[in-house]
$ cat target-v6.csv   # CSV, C-alpha atoms
chain,number,residue,atom,x,y,z
A,1,MET,CA,-6.7,31.3,67.0
A,2,SER,CA,-4.9,28.1,66.1
A,3,THR,CA,-4.5,26.3,62.7
A,4,ILE,CA,-7.5,24.2,63.7
A,5,GLN,CA,-9.6,27.2,63.4
A,6,ILE,CA,-8.3,28.3,60.0
A,7,ASP,CA,-9.2,24.8,58.8
A,8,ARG,CA,-12.7,25.3,60.2
A,9,LEU,CA,-13.0,28.6,58.4
A,10,LEU,CA,-11.8,27.1,55.1
A,11,ASP,CA,-14.2,24.2,55.6
A,12,THR,CA,-17.0,26.7,56.0
A,13,VAL,CA,-16.0,28.5,52.8
A,14,VAL,CA,-15.9,25.2,50.8
A,15,LYS,CA,-19.2,23.8,52.3
A,16,THR,CA,-21.2,27.0,51.8
A,17,GLY,CA,-19.9,27.6,48.3
A,18,SER,CA,-18.7,31.1,49.2
A,19,SER,CA,-16.3,32.8,46.8
A,20,ASP,CA,-14.2,34.6,49.4
A,21,LEU,CA,-13.2,34.8,53.0
A,22,HIS,CA,-12.2,38.2,54.6
A,23,LEU,CA,-10.3,38.3,57.9
A,24,ALA,CA,-9.9,41.8,59.4
A,25,VAL,CA,-9.3,43.2,62.9
A,26,GLY,CA,-12.5,44.4,64.6
A,27,ARG,CA,-14.9,42.1,62.7
A,28,PRO,CA,-15.8,38.4,62.8
A,29,PRO,CA,-14.6,36.3,59.8
A,30,THR,CA,-16.8,37.3,56.8
A,31,LEU,CA,-17.8,35.3,53.8
A,32,ARG,CA,-18.7,36.6,50.4
A,33,LEU,CA,-21.7,34.4,49.4
A,34,TYR,CA,-23.3,35.0,46.0
A,35,GLY,CA,-21.8,38.5,45.9
A,36,SER,CA,-23.0,39.6,49.4
A,37,LEU,CA,-21.0,39.8,52.6
A,38,LYS,CA,-22.1,37.6,55.5
A,39,ASN,CA,-20.5,37.6,59.0
A,40,LEU,CA,-19.8,34.2,60.7
A,41,ALA,CA,-21.2,33.8,64.1
A,42,THR,CA,-17.8,33.7,65.8
A,43,LYS,CA,-15.7,36.1,67.9
A,44,VAL,CA,-14.6,39.5,66.6
A,45,LEU,CA,-11.0,39.1,65.4
A,46,GLU,CA,-8.2,40.8,67.4
A,47,PRO,CA,-4.7,41.8,66.1
A,48,ASP,CA,-3.1,38.7,67.6
A,49,ASP,CA,-5.7,36.4,66.0
A,50,LEU,CA,-4.8,37.9,62.6
A,51,VAL,CA,-1.1,37.4,63.1
A,52,ALA,CA,-1.6,33.8,64.1
A,53,LEU,CA,-4.0,33.1,61.2
A,54,MET,CA,-1.5,34.7,58.8
A,55,LYS,CA,1.4,32.7,60.1
A,56,SER,CA,-0.6,29.4,59.9
A,57,ILE,CA,-1.0,29.7,56.1
A,58,THR,CA,1.6,32.1,54.8
A,59,PRO,CA,5.0,30.7,53.4
A,60,GLU,CA,8.1,32.2,55.0
A,61,LYS,CA,9.0,34.0,51.7
A,62,ASN,CA,5.6,35.8,51.7
A,63,GLN,CA,5.8,36.7,55.4
A,64,GLN,CA,9.1,38.4,54.5
A,65,GLU,CA,7.5,40.3,51.6
A,66,LEU,CA,4.6,41.3,53.9
A,67,GLN,CA,7.2,42.8,56.3
A,68,GLU,CA,9.2,44.6,53.6
A,69,LYS,CA,6.5,45.7,51.2
A,70,GLY,CA,3.3,45.7,53.2
A,71,GLY,CA,1.6,42.9,51.2
A,72,SER,CA,2.0,39.6,49.5
A,73,ASP,CA,0.0,37.2,47.3
A,74,PHE,CA,0.2,33.4,47.1
A,75,GLY,CA,-1.9,30.3,46.5
A,76,PHE,CA,-2.2,27.1,48.4
A,77,ALA,CA,-4.0,23.8,48.1
A,78,TYR,CA,-6.5,22.9,50.9
A,79,GLY,CA,-6.3,19.1,50.9
A,80,ASP,CA,-7.9,17.8,47.7
A,81,GLN,CA,-11.0,19.9,48.2
A,82,ALA,CA,-9.9,23.2,46.8
A,83,ARG,CA,-7.2,25.8,46.3
A,84,PHE,CA,-7.1,29.3,47.7
A,85,ARG,CA,-5.6,32.4,46.3
A,86,VAL,CA,-4.6,34.6,49.2
A,87,SER,CA,-3.7,38.3,49.6
A,88,VAL,CA,-2.2,39.2,53.0
A,89,PHE,CA,-1.7,43.0,53.6
A,90,ARG,CA,-1.2,45.6,56.3
A,91,GLN,CA,-3.9,48.2,57.0
A,92,ARG,CA,-3.8,50.7,59.9
A,93,GLY,CA,-0.8,48.8,61.3
A,94,ASN,CA,-2.7,45.4,61.5
A,95,VAL,CA,-2.7,42.4,59.2
A,96,SER,CA,-5.7,41.7,57.0
A,97,ILE,CA,-6.3,38.6,54.8
A,98,ALA,CA,-8.5,38.0,51.8
A,99,LEU,CA,-8.9,34.5,50.5
A,100,ARG,CA,-10.5,33.6,47.2
A,101,LEU,CA,-11.7,30.0,46.7
A,102,ILE,CA,-10.6,28.3,43.5
A,103,PRO,CA,-12.7,25.2,43.1
A,104,ASN,CA,-10.8,22.0,42.1
A,105,LYS,CA,-13.5,21.0,39.6
A,106,LEU,CA,-13.4,22.6,36.2
A,107,LEU,CA,-16.7,23.6,34.8
A,108,THR,CA,-18.0,22.8,31.3
A,109,PHE,CA,-18.9,25.4,28.6
A,110,GLU,CA,-22.5,24.5,29.2
A,111,GLN,CA,-22.3,25.1,32.9
A,112,LEU,CA,-20.7,28.5,32.4
A,113,GLY,CA,-23.1,29.5,29.6
A,114,LEU,CA,-20.2,30.3,27.3
A,115,PRO,CA,-21.2,30.9,23.6
A,116,PRO,CA,-20.9,27.5,21.8
A,117,ILE,CA,-18.8,29.2,19.0
A,118,VAL,CA,-15.9,29.6,21.5
A,119,LYS,CA,-15.2,25.8,21.0
A,120,GLU,CA,-14.6,26.5,17.2
A,121,LEU,CA,-12.4,29.6,17.8
A,122,ILE,CA,-10.1,27.9,20.3
A,123,ARG,CA,-9.3,25.2,17.8
A,124,ARG,CA,-7.4,27.7,15.7
A,125,PRO,CA,-3.6,27.4,15.6
A,126,ARG,CA,-2.8,31.1,16.2
A,127,GLY,CA,-4.2,34.4,17.3
A,128,LEU,CA,-5.0,36.4,20.4
A,129,PHE,CA,-8.1,35.6,22.5
A,130,VAL,CA,-8.8,38.2,25.3
A,131,VAL,CA,-11.1,37.7,28.3
A,132,THR,CA,-12.0,40.9,30.1
A,133,GLY,CA,-14.1,42.2,33.0
A,134,PRO,CA,-13.9,43.5,36.5
A,135,THR,CA,-12.1,41.6,39.3
A,136,GLY,CA,-14.1,38.5,40.5
A,137,CYS,CA,-16.2,38.2,37.4
A,138,GLY,CA,-15.0,34.7,36.6
A,139,LYS,CA,-12.3,35.4,33.9
A,140,THR,CA,-10.0,32.8,35.4
A,141,THR,CA,-12.7,30.2,35.5
A,142,SER,CA,-13.7,30.8,31.8
A,143,LEU,CA,-10.0,30.6,30.7
A,144,ALA,CA,-9.5,27.4,32.8
A,145,THR,CA,-12.5,25.8,31.0
A,146,MET,CA,-11.2,26.7,27.6
A,147,LEU,CA,-7.7,25.4,28.4
A,148,ASP,CA,-9.2,22.2,29.8
A,149,TYR,CA,-11.2,21.7,26.5
A,150,ILE,CA,-8.0,22.0,24.5
A,151,ASN,CA,-6.1,19.8,26.9
A,152,ILE,CA,-8.8,17.0,26.6
A,153,ASN,CA,-9.3,17.2,22.8
A,154,PHE,CA,-6.0,18.2,21.2
A,155,ASP,CA,-2.3,17.4,21.4
A,156,ARG,CA,-0.8,20.8,22.2
A,157,HIS,CA,2.0,22.1,24.4
A,158,ILE,CA,0.2,24.6,26.7
A,159,VAL,CA,2.4,27.1,28.8
A,160,THR,CA,0.6,29.3,31.3
A,161,VAL,CA,2.1,32.3,33.1
A,162,GLU,CA,0.0,33.1,36.2
A,163,ASP,CA,0.3,35.2,39.4
A,164,PRO,CA,-0.5,33.1,41.4
A,165,ILE,CA,-1.5,29.8,39.7
A,166,GLU,CA,-5.1,29.2,40.4
A,167,TYR,CA,-6.6,26.2,38.7
A,168,TYR,CA,-4.1,23.3,38.4
A,169,HIS,CA,-4.2,21.4,35.1
A,170,GLN,CA,-3.1,17.8,34.8
A,171,HIS,CA,-1.5,16.6,31.5
A,172,LYS,CA,-4.3,15.0,29.4
A,173,LYS,CA,-4.0,14.9,25.6
A,174,SER,CA,-1.8,18.0,25.8
A,175,ILE,CA,1.3,18.8,27.9
A,176,VAL,CA,0.6,21.6,30.4
A,177,ASN,CA,3.4,23.6,32.0
A,178,GLN,CA,2.3,26.3,34.5
A,179,ARG,CA,4.7,29.0,35.5
A,180,GLU,CA,4.1,31.1,38.6
A,181,VAL,CA,5.3,34.7,38.6
A,182,GLY,CA,7.5,35.3,41.7
A,183,GLN,CA,8.2,31.6,42.1
A,184,ASP,CA,9.1,30.1,38.7
A,185,VAL,CA,9.9,33.3,36.9
A,186,SER,CA,10.3,36.9,38.0
A,187,THR,CA,7.8,38.7,35.8
A,188,PHE,CA,5.1,38.2,33.1
A,189,SER,CA,7.3,39.9,30.4
A,190,GLU,CA,10.4,37.8,31.4
A,191,ALA,CA,8.3,34.6,31.1
A,192,LEU,CA,6.9,35.7,27.7
A,193,LYS,CA,10.4,36.5,26.4
A,194,ARG,CA,11.5,32.9,27.1
A,195,VAL,CA,8.3,31.1,26.2
A,196,LEU,CA,8.8,31.1,22.4
A,197,ARG,CA,11.9,28.9,22.9
A,198,GLN,CA,9.8,26.3,24.8
A,199,ASP,CA,8.0,25.1,21.6
A,200,PRO,CA,4.5,26.1,22.9
A,201,ASP,CA,1.3,25.8,20.8
A,202,VAL,CA,-0.9,27.6,23.4
A,203,ILE,CA,0.1,30.4,25.8
A,204,LEU,CA,-1.9,31.8,28.6
A,205,VAL,CA,-0.9,35.2,30.0
A,206,GLY,CA,-2.6,35.6,33.4
A,207,GLU,CA,-2.7,39.4,33.0
A,208,MET,CA,-1.5,41.9,30.5
A,209,ARG,CA,-0.2,44.3,33.1
A,210,ASP,CA,2.3,46.5,31.2
A,211,LEU,CA,3.3,47.5,27.7
A,212,GLU,CA,6.1,44.9,27.6
A,213,THR,CA,3.7,42.1,28.4
A,214,ILE,CA,1.1,43.3,25.9
A,215,GLU,CA,3.8,43.6,23.1
A,216,ALA,CA,5.0,40.1,23.9
A,217,ALA,CA,1.5,38.6,23.8
A,218,ILE,CA,0.7,40.2,20.4
A,219,ARG,CA,4.1,39.1,19.0
A,220,ALA,CA,3.4,35.5,20.2
A,221,ALA,CA,0.0,35.6,18.5
A,222,GLU,CA,1.5,36.8,15.3
A,223,THR,CA,4.2,34.2,15.2
A,224,GLY,CA,1.8,31.3,15.1
A,225,HIS,CA,0.7,30.7,18.7
A,226,LEU,CA,-2.8,30.7,20.2
A,227,VAL,CA,-2.5,33.3,23.1
A,228,PHE,CA,-5.1,33.7,25.8
A,229,ALA,CA,-4.9,36.8,28.0
A,230,THR,CA,-7.0,38.8,30.5
A,231,LEU,CA,-7.5,42.6,31.0
A,232,HIS,CA,-9.6,44.5,33.5
A,233,THR,CA,-11.6,46.4,30.9
A,234,THR,CA,-15.4,46.5,30.2
A,235,GLY,CA,-16.7,45.9,26.7
A,236,ALA,CA,-15.1,44.6,23.6
A,237,ALA,CA,-14.5,48.0,21.9
A,238,GLY,CA,-13.1,49.4,25.2
A,239,THR,CA,-10.6,46.5,25.3
A,240,ILE,CA,-9.2,47.2,21.9
A,241,ASN,CA,-8.8,50.9,22.7
A,242,ARG,CA,-7.1,50.0,26.0
A,243,ILE,CA,-4.6,47.8,24.3
A,244,ILE,CA,-3.8,50.4,21.6
A,245,ASP,CA,-3.6,53.3,24.1
A,246,ALA,CA,-0.9,51.4,26.1
A,247,PHE,CA,1.5,52.1,23.2
A,248,PRO,CA,3.2,55.4,22.4
A,249,THR,CA,1.3,57.5,19.9
A,250,ASN,CA,3.9,56.9,17.1
A,251,GLN,CA,3.4,53.1,17.4
A,252,GLN,CA,-0.4,53.0,17.6
A,253,GLU,CA,-1.0,52.9,13.8
A,254,GLN,CA,1.2,49.8,13.6
A,255,VAL,CA,-0.5,48.1,16.6
A,256,ARG,CA,-3.9,48.6,15.0
A,257,VAL,CA,-2.7,46.7,12.0
A,258,GLN,CA,-1.2,44.0,14.2
A,259,LEU,CA,-4.4,43.6,16.2
A,260,SER,CA,-6.6,43.6,13.1
A,261,THR,CA,-4.7,40.5,11.8
A,262,SER,CA,-3.9,38.7,15.0
A,263,MET,CA,-6.9,39.1,17.2
A,264,ILE,CA,-9.5,36.2,17.2
A,265,ALA,CA,-12.1,37.2,19.8
A,266,ILE,CA,-12.9,39.2,22.9
A,267,ILE,CA,-15.2,38.0,25.7
A,268,SER,CA,-16.2,40.6,28.3
A,269,GLN,CA,-18.1,39.2,31.2
A,270,ALA,CA,-20.0,40.1,34.4
A,271,LEU,CA,-21.1,37.9,37.2
A,272,LEU,CA,-24.6,38.5,38.7
A,273,ALA,CA,-26.5,37.4,41.8
A,274,ARG,CA,-29.6,35.3,40.8
A,275,CYS,CA,-33.0,36.1,42.1
A,276,ASP,CA,-34.7,32.8,41.2
A,277,LYS,CA,-32.5,30.7,43.5
A,278,PRO,CA,-29.2,31.1,45.5
A,279,GLY,CA,-26.3,31.3,43.1
A,280,ARG,CA,-24.8,33.4,40.4
A,281,VAL,CA,-25.1,33.6,36.6
A,282,ALA,CA,-22.6,35.0,34.1
A,283,ALA,CA,-23.4,37.4,31.3
A,284,TYR,CA,-21.2,37.8,28.3
A,285,GLU,CA,-20.4,40.4,25.6
A,286,PHE,CA,-18.8,38.5,22.7
A,287,LEU,CA,-16.9,39.9,19.8
A,288,VAL,CA,-15.6,37.7,17.0
A,289,ILE,CA,-13.0,39.4,14.8
A,290,THR,CA,-14.5,39.1,11.3
A,291,PRO,CA,-12.9,40.7,8.2
A,292,ALA,CA,-15.4,43.6,8.6
A,293,ILE,CA,-14.4,44.2,12.3
A,294,SER,CA,-10.7,43.8,11.3
A,295,ASN,CA,-11.2,46.8,9.0
A,296,LEU,CA,-12.8,48.8,11.8
A,297,ILE,CA,-9.8,48.2,14.0
A,298,ARG,CA,-7.3,49.0,11.3
A,299,GLU,CA,-9.1,52.2,10.3
A,300,ASN,CA,-9.5,53.4,14.0
A,301,LYS,CA,-13.3,53.1,13.9
A,302,THR,CA,-13.7,51.1,17.1
A,303,PHE,CA,-16.7,53.3,18.0
A,304,ARG,CA,-18.6,51.3,15.4
A,305,ILE,CA,-17.9,47.9,16.9
A,306,ASP,CA,-21.0,47.8,19.1
A,307,SER,CA,-23.3,48.2,16.2
A,308,ALA,CA,-21.2,45.6,14.3
A,309,ILE,CA,-21.8,43.2,17.2
A,310,GLN,CA,-25.5,43.7,16.9
A,311,THR,CA,-25.5,42.8,13.2
A,312,GLY,CA,-23.0,39.9,13.8
A,313,LYS,CA,-25.5,37.6,15.7
A,314,ARG,CA,-25.0,34.8,13.1
A,315,PHE,CA,-21.3,34.6,14.2
A,316,GLY,CA,-22.5,34.1,17.8
A,317,MET,CA,-21.8,37.8,18.7
A,318,GLN,CA,-23.8,39.6,21.4
A,319,LEU,CA,-23.7,42.8,23.4
A,320,LEU,CA,-23.5,42.5,27.2
A,321,ASP,CA,-26.7,44.5,27.7
A,322,ASP,CA,-28.6,42.2,25.4
A,323,HIS,CA,-27.4,39.2,27.4
A,324,LEU,CA,-28.3,40.9,30.7
A,325,TRP,CA,-31.8,41.7,29.3
A,326,SER,CA,-32.3,38.0,28.3
A,327,HIS,CA,-31.4,36.9,31.8
A,328,TYR,CA,-33.8,39.5,33.3
A,329,SER,CA,-36.6,38.5,30.9
A,330,LYS,CA,-36.2,34.9,32.0
A,331,GLY,CA,-36.5,35.9,35.6
A,332,LEU,CA,-33.0,34.9,36.5
A,333,ILE,CA,-31.8,38.4,37.7
A,334,SER,CA,-33.5,41.4,39.2
A,335,ALA,CA,-33.8,44.7,37.3
A,336,GLU,CA,-31.5,46.4,39.8
A,337,GLU,CA,-28.7,43.8,39.3
A,338,MET,CA,-29.1,44.0,35.5
A,339,ILE,CA,-28.8,47.8,35.6
A,340,ASP,CA,-25.9,47.8,38.1
A,341,LYS,CA,-23.8,45.6,35.7
A,342,SER,CA,-24.9,47.1,32.4
A,343,ARG,CA,-22.9,49.3,30.0
A,344,ASN,CA,-25.9,51.7,29.3
A,345,PRO,CA,-27.9,51.8,32.4
A,346,GLY,CA,-30.2,54.6,31.1
A,347,ASP,CA,-31.3,52.5,28.1
A,348,LEU,CA,-32.0,49.4,30.1
A,349,THR,CA,-34.0,51.4,32.7
A,350,ASP,CA,-36.2,52.8,29.9
A,351,LYS,CA,-36.6,49.3,28.5
A,352,VAL,CA,-37.7,48.0,31.9
A,353,HIS,CA,-40.3,50.8,32.2
A,354,ARG,CA,-41.6,50.3,28.7
A,355,SER,CA,-42.1,46.6,29.4
A,356,GLY,CA,-44.2,47.4,32.5
A,357,GLY,CA,-41.5,46.7,35.1
A,358,THR,CA,-40.1,49.0,37.8
A,359,VAL,CA,-36.7,49.7,39.0
A,360,GLY,CA,-36.4,50.7,42.6
A,361,ARG,CA,-34.0,50.1,45.4
A,362,THR,CA,-36.9,49.8,47.8
A,363,GLU,CA,-38.2,46.6,46.3
A,364,LEU,CA,-34.7,45.1,45.7
A,365,ASP,CA,-35.1,41.4,45.4
A,366,GLN,CA,-33.6,39.5,48.3
A,367,PRO,CA,-33.5,35.9,47.2
A,368,HIS,CA,-31.3,34.7,50.1
A,369,GLU,CA,-30.2,35.7,53.6
A,370,SER,CA,-26.8,36.9,52.8
A,371,ALA,CA,-27.2,40.7,53.0
A,372,PRO,CA,-24.1,42.3,54.6
A,373,ALA,CA,-24.5,42.0,58.4
A,374,ALA,CA,-23.8,45.1,60.4
A,375,SER,CA,-20.3,45.2,61.7

$ encode --input "target-v6.csv" --output "structure tokens"
Amino acid sequence: MSTIQIDRLLDTVVKTGSSDLHLAVGRPPTLRLYGSLKNLATKVLEPDDLVALMKSITPEKNQQELQEKGGSDFGFAYGDQARFRVSVFRQRGNVSIALRLIPNKLLTFEQLGLPPIVKELIRRPRGLFVVTGPTGCGKTTSLATMLDYININFDRHIVTVEDPIEYYHQHKKSIVNQREVGQDVSTFSEALKRVLRQDPDVILVGEMRDLETIEAAIRAAETGHLVFATLHTTGAAGTINRIIDAFPTNQQEQVRVQLSTSMIAIISQALLARCDKPGRVAAYEFLVITPAISNLIRENKTFRIDSAIQTGKRFGMQLLDDHLWSHYSKGLISAEEMIDKSRNPGDLTDKVHRSGGTVGRTELDQPHESAPAAS
């Protein structure tokens, strides 16, 4: 396959609105469209095809890393249409490639369905705002939308640390400096060590991967910066526990106190296939750190956070399962999709039955022709 064909494949991804493209030996190129895998009607890829495709898009430095470490990640711009985040890796001795489409156009709060109170919270001059959820649930997109809102409306110095950079931000009312791990700086923790000397107002930590990075993010939030960060956790209470558990036991007490004063909010999100039309819709769990929730964190009573979210609706708070139920009630998602992504599947299954609905794999809604094709 020549570069012409990688261009044709990337074109197809952009035109169909697919989120990912998978290239693996022994299978035709495969798109992920609205969450399902769909083979393209082209030839089955052979080892030589994969090597040619890999070489046509992978920078020299990353080809070297693939040789030495068995895998490499990078991003590249595809004309002015889009950017792609790429992971090349070896499996069973062959090369495989996974490409994630990063759209050039930033979405608005309304398009994403983010709670309106988020706009109020991100005006604050300091604090930690964490966005969590599984891989591919749209964390990067939500954060890019929040940063863009700050960039358009406030004069701030925004510094991001990402691996790799996904959405490119132009300078608007703010100044935006984006540092890529592996290219501009060696590690997240190294970038965060230096960032406080760069006079930032807003800091984005692409991922809180290790203890050093988590410590640096909390410190930056305490010293008067607005810090955005992501974690692969589910649920707001689980996120707080995960951050605290990253620390040695003898420091956990102190970290609880730090979090109770420095944390602003946690959004935990999931992305679901729609059943009313092709496309996807996001569901959010949203926790705002009120004085009452601050106390729960300080006193190690995070198990009470879920019920505090239910009583905190006036602050814009909501549980993930409540938002899923609301999507299901409006006919946006199927019962199966709701239950797959829920935190308490048993409760929601009962609720479906009580409301006269049924949950059964046999009658799984198929709103579009993108079920995984047999390989």

$ closest_residue --input "target-v6.csv" --among "A:Glu299, A:Asp48, A:Asp163, A:Glu110" --to "Ser72 of chain A" --atoms "only C-alpha atoms"
A:Asp163

$ closest_residue --input "target-v6.csv" --among "A:Leu106, A:Leu147, A:Ala82, A:Ala282" --to "Thr160 of chain A" --atoms "only C-alpha atoms"
A:Leu147

$ closest_residue --input "target-v6.csv" --among "A:Ala191, A:Ile57, A:Leu33, A:Val352" --to "Asp73 of chain A" --atoms "all atoms listed in the file"
A:Ile57

$ atom_distance --input "target-v6.csv" --atom1 "atom CA of Arg280 of chain A" --atom2 "atom CA of His327 of chain A"
11.4 Å

$ axis_aligned_box --input "target-v6.csv" --around "segment 237-252 of chain A" --padding-each-side "6 Å" --output "JSON"
{"center_x": -5.3, "center_y": 52.0, "center_z": 21.6, "size_x": 30.4, "size_y": 23.0, "size_z": 21.0}

$ residues_around --input "target-v6.csv" --residues "His169 of chain A" --least-positions-apart "2" --cutoff "9 Å" --atoms "only C-alpha atoms" --output "list in words"
Ala144, Leu147, Asp148, Asn151, Tyr167, His171, Lys172, Val176, Asn177 and Gln178 of chain A

$ atom_distance --input "target-v6.csv" --atom1 "atom CA of Ile267 of chain A" --atom2 "atom CA of Leu287 of chain A"
6.4 Å

$ closest_residue --input "target-v6.csv" --among "A:Leu31, A:Ala270, A:Val88, A:Val181" --to "Val51 of chain A" --atoms "all atoms listed in the file"
A:Val88

$ atom_distance --input "target-v6.csv" --atom1 "atom CA of Asp184 of chain A" --atom2 "atom CA of Asn104 of chain A"
21.8 Å

$ residues_around --input "target-v6.csv" --residues "Val255 of chain A" --least-positions-apart "3" --cutoff "12 Å" --atoms "all atoms listed in the file" --output "JSON list (two decimals) with C-alpha atoms, in the coordinates of the input"
[["chain", "number", "residue", "atom", "x", "y", "z"],
["A", 211, "LEU", "CA", 3.30, 47.50, 27.70],
["A", 214, "ILE", "CA", 1.10, 43.30, 25.90],
["A", 215, "GLU", "CA", 3.80, 43.60, 23.10],
["A", 218, "ILE", "CA", 0.70, 40.20, 20.40],
["A", 219, "ARG", "CA", 4.10, 39.10, 19.00],
["A", 222, "GLU", "CA", 1.50, 36.80, 15.30],
["A", 240, "ILE", "CA", -9.20, 47.20, 21.90],
["A", 241, "ASN", "CA", -8.80, 50.90, 22.70],
["A", 242, "ARG", "CA", -7.10, 50.00, 26.00],
["A", 243, "ILE", "CA", -4.60, 47.80, 24.30],
["A", 244, "ILE", "CA", -3.80, 50.40, 21.60],
["A", 245, "ASP", "CA", -3.60, 53.30, 24.10],
["A", 246, "ALA", "CA", -0.90, 51.40, 26.10],
["A", 247, "PHE", "CA", 1.50, 52.10, 23.20],
["A", 248, "PRO", "CA", 3.20, 55.40, 22.40],
["A", 249, "THR", "CA", 1.30, 57.50, 19.90],
["A", 250, "ASN", "CA", 3.90, 56.90, 17.10],
["A", 251, "GLN", "CA", 3.40, 53.10, 17.40],
["A", 252, "GLN", "CA", -0.40, 53.00, 17.60],
["A", 258, "GLN", "CA", -1.20, 44.00, 14.20],
["A", 259, "LEU", "CA", -4.40, 43.60, 16.20],
["A", 260, "SER", "CA", -6.60, 43.60, 13.10],
["A", 261, "THR", "CA", -4.70, 40.50, 11.80],
["A", 262, "SER", "CA", -3.90, 38.70, 15.00],
["A", 263, "MET", "CA", -6.90, 39.10, 17.20],
["A", 297, "ILE", "CA", -9.80, 48.20, 14.00],
["A", 298, "ARG", "CA", -7.30, 49.00, 11.30],
["A", 299, "GLU", "CA", -9.10, 52.20, 10.30],
["A", 300, "ASN", "CA", -9.50, 53.40, 14.00]]

$ closest_residue --input "target-v6.csv" --among "A:Thr302, A:Gln91, A:Thr311, A:Ser329" --to "Lys351 of chain A" --atoms "all atoms listed in the file"
A:Ser329
